[in-house]
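Participant: Can you read through this structure? Questions will come right after.
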Amino acid sequence: MRIGVLALQGDVAEHRRALADLGVDSAPVRRPAELSQLDGIVIPGGESTTMSMLLASSGLLEPLGKEIAAGLPAFGTCAGMILLGSSVIGGRSDQICYGAIDIGVRRNGYGRQLASFECELDVAAIGSDPLHAVFIRAPLVESAGDAVEVLAVVDPSTETPDDPGDSGVGGLTDVGVATPVLCRQDSVLVAAFHPELTADRRVHRLFVSMIEKRGR
Ligand code: GLN
């Protein structure tokens, strides 16, 4: 198995390390020819506006969209989630949404106070141990279609390790309701947080297992 990591911006090395830890080969993708012979693609975080422009200038915009539309499994984290979603609120009018997963996403939707935060998530799909999740100017999923499986939510009552005793994740009271942060639709997986920044490999393993199941 060989998984490409879109290498225009963001945590490319960290995603490749996570895949290597799972024994999976990876390759950076900077130009269209590098899209061939891949079993999946990771779209890292960064700035979705900048990544949209870099996709256009690198010539990858259309070829990557075609591969994803043809069923290439894709895993987007943070800005990558925005690029794979079906609509973006608070973005530039010319920024890309591949529409590979039926979610509407608000850029930087957790508000200024909550620009970055960490918390524990319950993710039944990867096991019973809580998953430590790092959010950095994260997108907020405002809507998810019926075909979308919500694998984890961040709840306003979640305790942050930084802030024990507080009644919730800081300004999440702004949001008020549990919001999806890990979602799947067919062979597309998206996370509002950064699983490549922690040592826990279970989210990358989930993506790898999605590819393996599909191959059967
Ligand atoms: N705020 C960024 C955006 O809107 C995403 C942040 C990230 O990827 N860490 O694109």
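Residue numbering restarts at 1 in every chain; chains get A, B, ... in the order shown in the structure tokens, and ligands count up from 1 in that same order.
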Which neighbours of Asp200 in chain A fall inside 8 Å, counting only C-alpha atoms, when residues of the same chain fewer than 4 positions from it are skipped, and could you give them as a list in words?
Facilitator: Leu131, His132 and Pro195 of chain A
Participant: Save out the residues we just selected, C-alpha atoms, as a short mmCIF file (atom, residue, chain, number, x, y, z; two decimals), in the first residue's frame.
Facilitator:
```
data_model
loop_
_atom_site.label_atom_id
_atom_site.label_comp_id
_atom_site.auth_asym_id
_atom_site.auth_seq_id
_atom_site.Cartn_x
_atom_site.Cartn_y
_atom_site.Cartn_z
CA LEU A 131 -8.19 9.92 22.14
CA HIS A 132 -6.20 13.04 22.96
CA PRO A 195 -3.92 13.32 14.86
#
```
Participant: Would you mind listing the residues within 7 Å of ligand 1, counting only C-alpha atoms and all ligand atoms, as a list in words?
Facilitator: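 Based on only C-alpha atoms and all ligand atoms, ligand 1 is surrounded within 7 Å by Gly45, Gly46, Glu47, Ser48, Thr49, Thr77, Cys78, Ala79, Gly80, Ile82, Arg107, Asn108, Ile136, Arg137, Ala138 and Pro139 of chain A.
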Participant: Write the selection just made, keeping N, CA, C and O atoms, as a short mmCIF file (atom, residue, chain, number, x, y, z; two decimals), in the first residue's frame?
Facilitator:
```
data_model
loop_
_atom_site.label_atom_id
_atom_site.label_comp_id
_atom_site.auth_asym_id
_atom_site.auth_seq_id
_atom_site.Cartn_x
_atom_site.Cartn_y
_atom_site.Cartn_z
N GLY A 45 -3.34 19.72 7.43
CA GLY A 45 -3.80 21.05 7.81
C GLY A 45 -2.89 22.12 7.23
O GLY A 45 -1.90 21.82 6.57
N GLY A 46 -3.23 23.34 7.45
CA GLY A 46 -2.50 24.49 6.92
C GLY A 46 -3.50 25.63 6.86
O GLY A 46 -4.29 25.81 7.78
N GLU A 47 -3.49 26.35 5.77
CA GLU A 47 -4.53 27.36 5.53
C GLU A 47 -5.28 26.94 4.28
O GLU A 47 -4.69 26.87 3.20
N SER A 48 -6.57 26.69 4.42
CA SER A 48 -7.32 26.18 3.28
C SER A 48 -7.33 27.17 2.12
O SER A 48 -7.36 26.76 0.96
N THR A 49 -7.28 28.46 2.44
CA THR A 49 -7.25 29.47 1.37
C THR A 49 -5.94 29.37 0.59
O THR A 49 -5.93 29.32 -0.64
N THR A 77 -7.21 16.51 7.36
CA THR A 77 -7.17 17.01 8.74
C THR A 77 -7.22 18.53 8.70
O THR A 77 -6.50 19.17 7.94
N CYS A 78 -8.07 19.09 9.51
CA CYS A 78 -8.19 20.53 9.71
C CYS A 78 -8.43 21.24 8.37
O CYS A 78 -9.50 21.09 7.80
N ALA A 79 -7.45 21.97 7.82
CA ALA A 79 -7.69 22.61 6.53
C ALA A 79 -8.04 21.55 5.47
O ALA A 79 -8.84 21.82 4.55
N GLY A 80 -7.49 20.35 5.60
CA GLY A 80 -7.81 19.25 4.68
C GLY A 80 -9.27 18.86 4.76
O GLY A 80 -9.88 18.46 3.77
N ILE A 82 -11.63 21.00 5.43
CA ILE A 82 -12.35 22.07 4.72
C ILE A 82 -12.33 21.78 3.22
O ILE A 82 -13.35 21.89 2.53
N ARG A 107 -14.90 27.99 8.76
CA ARG A 107 -13.47 28.19 9.05
C ARG A 107 -13.31 28.85 10.41
O ARG A 107 -14.06 29.76 10.75
N ASN A 108 -12.33 28.41 11.17
CA ASN A 108 -12.00 29.01 12.48
C ASN A 108 -13.25 29.13 13.34
O ASN A 108 -13.40 30.09 14.10
N ILE A 136 -6.24 23.24 16.30
CA ILE A 136 -5.53 24.50 16.03
C ILE A 136 -6.34 25.30 15.01
O ILE A 136 -6.43 24.93 13.85
N ARG A 137 -6.92 26.37 15.47
CA ARG A 137 -7.78 27.21 14.61
C ARG A 137 -8.69 26.29 13.76
O ARG A 137 -8.75 26.39 12.53
N ALA A 138 -9.40 25.46 14.48
CA ALA A 138 -10.08 24.35 13.82
C ALA A 138 -11.37 24.78 13.12
O ALA A 138 -12.05 25.70 13.55
N PRO A 139 -11.70 24.06 12.05
CA PRO A 139 -12.98 24.27 11.40
C PRO A 139 -14.11 23.64 12.22
O PRO A 139 -13.91 22.61 12.87
#
```
Participant: Could you name the residues that touch Leu72 in chain A at 12 Å or less, counting only C-alpha atoms, but leaving out those on the same chain fewer than 6 positions away, as a list in words?
Facilitator: Arg2, Ile3, Gly4, Leu35, Ser36, Gln37, Leu38, Asp39, Gly40, Ile41, Val42, Pro63, Leu64, Gly65, Lys66, Ala100, Asp186, Ser187, Val188, Leu189, Phe207, Met210, Ile211, Arg214 and Gly215 of chain A
Participant: Pick from A:Ser116, A:Ser93, A:Ser57, A:Ser128: nearest to Arg30 in chain A, with only C-alpha atoms counted?
Facilitator: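 Closest candidate: A:Ser57.
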Participant: Between CA of Thr179 in chain A and CA of Cys119 in chain A, what is the distance, to one decimal in Å?
Facilitator: 13.3 Å
Participant: Would you compute the distance between CA of Gly10 in chain A and CA of Pro28 in chain A? Give it in Å to one decimal.
Facilitator: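 These atoms are spaced 11.8 Å apart.
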Participant: Can you list every residue in range 23-213 of chain A that DSSP puts in strand (DSSP E or B), as a PyMOL selection string?
Facilitator: chain A and resi 25-29+40-43+74-77+87-89+103-106+116-121+131-136+140-144+149-154+179-185+188-191
Participant: Would you mind reading off the distance between CA of Ala152 in chain A and CA of Ile96 in chain A, one decimal, in Å?
Facilitator: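 CA of Ile96 in chain A lies at a distance of 24.8 Å from CA of Ala152 in chain A.
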Participant: Identify, on the basis of only C-alpha atoms, every residue whose closest approach to Val88 in chain A does not exceed 9 Å; exclude the query and any residue fewer than 2 positions from it along the same chain; express the result as a ChimeraX atom specification.
Facilitator: /A:82-83,85-86,90-92,95-97,103-107
